[in-house]
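A.B. asks: One structure follows; several queries about it will come next.
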Amino acid sequence: PENIQGINKRIDEYARGIVSGGTLFEELGFYYVGPVDGHDLDNLIPILEKLRDNPDDKPVLLHLKTVKGYGYPPAEQASDRMHGVGKFNIGTGAQVKKAPVAPTLTSIFANALIDAATEDRAIVGITAAMPGGTGMDIF
């Protein structure tokens with residue numbers, strides 16, 4: 001929902017202010033680069049080449065900002081789906097799914113979480129923008 005997106009944006013901006021350009025990651029021993037537009041290949045490729053050719057042995061954290069499904073409208077419009085997919089119809093984006101033979105690990109997790117939360121109302125679930133892929137949509 002838009003109101004949640006607005007809150008999420010403010011939290012993101014606040015967190016960036018605290019971290020101040022990757023200082024936290026650098027304190028952890030990483031060479032921090034970013035954020036970088038992950039769709040701007042003219043800018044991204046030289047950055048990747050410089051990182052590849054850097055003689056420093058320090059681990060690198062490259063922070064890319066992307067739009068899920070960029071350039072493919074069915075994926076762009078499905079914020080909770082199409083993160084990793086099998087076969088699908090390219091024209092419509094509809095996924096071709098086989099009938100499940102056994103319960104998925106996701107459904108087992110979701111049902112266990114529901115059972116636990118039924119007993120303990122203090123249990124909450126937090127997910128990073130993928131409730132369907134983690135079973136949190138059922139919860």
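Residues in the structure tokens are named by chain (A, B, ... in the order shown) and by number from 1 within that chain; ligands are numbered from 1 in the order shown.
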Give the strand (DSSP E) residues of chain A, as DSSP finds them on the backbone, and put them as a PyMOL selection string.
C.D. replies: chain A and resi 31-37+60-65
A.B. asks: Could you give me, as a PyMOL selection string, the residues within 9 Å of region 107-115 of chain A, counting only C-alpha atoms and dropping anything in the same chain fewer than 2 positions from it?
C.D. replies: chain A and resi 103-105+117-120+123+125+134-139
A.B. asks: Would you mind listing, for every residue of region 41-116 of chain A within 7 Å of region 26-37 of chain A, the two atoms forming the shortest contact and the distance between them in Å to one decimal, using only C-alpha atoms, sorted by chain and ascending residue number, as a tab-separated table?
C.D. replies:
residue	atom	partner	partner_atom	distance
A:Lys58	CA	A:Phe30	CA	6.2
A:Pro59	CA	A:Phe30	CA	5.1
A:Val60	CA	A:Tyr31	CA	4.7
A:Leu61	CA	A:Tyr32	CA	4.9
A:Leu62	CA	A:Val33	CA	4.9
A:His63	CA	A:Gly34	CA	4.7
A:Leu64	CA	A:Val36	CA	4.8
A:Lys65	CA	A:Asp37	CA	5.1
A:Thr66	CA	A:Asp37	CA	6.4
A.B. asks: As an exercise, work out the distance from CA of Pro74 (chain A) to CA of Thr92 (chain A) in Å and give it to one decimal place.
C.D. replies: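 Result for CA of Pro74 (chain A) versus CA of Thr92 (chain A): 6.8 Å, one decimal.
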A.B. asks: Env of Gln95 (chain A): 8 Å cut, atoms = only C-alpha atoms, seq-sep filter 5 positions within chain, self excluded. Answer as a ChimeraX atom specification.
C.D. replies: /A:85-89
A.B. asks: Given the selection you just returned, output its residues as a file containing all heavy atoms, formatted as a short mmCIF file (atom, residue, chain, number, x, y, z; two decimals), in the first residue's frame.
C.D. replies:
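Written out: result_37.cif:
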data_model
loop_
_atom_site.label_atom_id
_atom_site.label_comp_id
_atom_site.auth_asym_id
_atom_site.auth_seq_id
_atom_site.Cartn_x
_atom_site.Cartn_y
_atom_site.Cartn_z
N VAL A 85 11.58 -17.44 -11.26
CA VAL A 85 10.46 -18.18 -11.85
C VAL A 85 10.95 -19.32 -12.72
O VAL A 85 12.08 -19.32 -13.22
CB VAL A 85 9.56 -17.25 -12.70
CG1 VAL A 85 8.92 -16.20 -11.85
CG2 VAL A 85 10.33 -16.63 -13.84
N GLY A 86 10.07 -20.26 -12.91
CA GLY A 86 10.30 -21.34 -13.86
C GLY A 86 9.70 -20.93 -15.20
O GLY A 86 9.78 -19.76 -15.60
N LYS A 87 9.04 -21.85 -15.84
CA LYS A 87 8.43 -21.56 -17.14
C LYS A 87 7.26 -20.58 -16.98
O LYS A 87 6.50 -20.66 -16.01
CB LYS A 87 7.92 -22.84 -17.78
CG LYS A 87 9.01 -23.81 -18.14
CD LYS A 87 8.42 -25.05 -18.79
CE LYS A 87 9.51 -26.04 -19.11
NZ LYS A 87 8.97 -27.25 -19.73
N PHE A 88 7.16 -19.66 -17.96
CA PHE A 88 6.03 -18.74 -17.95
C PHE A 88 5.76 -18.25 -19.36
O PHE A 88 6.61 -18.33 -20.24
CB PHE A 88 6.27 -17.56 -16.99
CG PHE A 88 7.39 -16.64 -17.40
CD1 PHE A 88 7.14 -15.48 -18.12
CD2 PHE A 88 8.71 -16.94 -17.07
CE1 PHE A 88 8.17 -14.63 -18.48
CE2 PHE A 88 9.74 -16.10 -17.42
CZ PHE A 88 9.48 -14.94 -18.14
N ASN A 89 4.55 -17.73 -19.57
CA ASN A 89 4.14 -17.19 -20.86
C ASN A 89 4.74 -15.79 -20.98
O ASN A 89 4.38 -14.90 -20.20
CB ASN A 89 2.61 -17.15 -20.94
CG ASN A 89 2.11 -16.58 -22.25
OD1 ASN A 89 2.50 -15.50 -22.66
ND2 ASN A 89 1.24 -17.32 -22.90
#
A.B. asks: What does the structure give for the distance between CA of Lys98 (chain A) and CA of Asp80 (chain A), in Å to one decimal?
C.D. replies: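 For CA of Lys98 (chain A) relative to CA of Asp80 (chain A), the distance reads 19.8 Å.
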A.B. asks: Could you work out how far CA of Ile11 (chain A) lies from CA of Gly71 (chain A), giving the answer in Å with one decimal?
C.D. replies: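 Answer for the CA of Gly71 (chain A) to CA of Ile11 (chain A) separation: 27.1 Å.
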A.B. asks: Check region 27-64 of chain A with DSSP on the backbone and list each residue it calls alpha helix (DSSP H), as JSON, numbers by chain.
C.D. replies: {"A": [27, 41, 42, 43, 44, 45, 46, 47, 48, 49, 50, 51, 52, 53]}
A.B. asks: Quick one: residues within 10 Å of Ala78 (chain A), only C-alpha atoms counted, chain neighbours fewer than 6 positions away excluded, as a list in words?
C.D. replies: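 Within the cut-off, the hits are Lys68, Gly69 and Gly93 of chain A.
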A.B. asks: Write the residues of the selection above to a file with C-alpha atoms, as a PDB file, in the first residue's frame.
C.D. replies:
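Written output follows (again03.pdb):
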ATOM      1  CA  LYS A  68      12.336  -5.634  -9.951  1.00  0.00           C
ATOM      2  CA  GLY A  69      11.345  -6.786 -13.407  1.00  0.00           C
ATOM      3  CA  GLY A  93       3.629 -13.278 -17.568  1.00  0.00           C
TER       4      GLY A  93
END
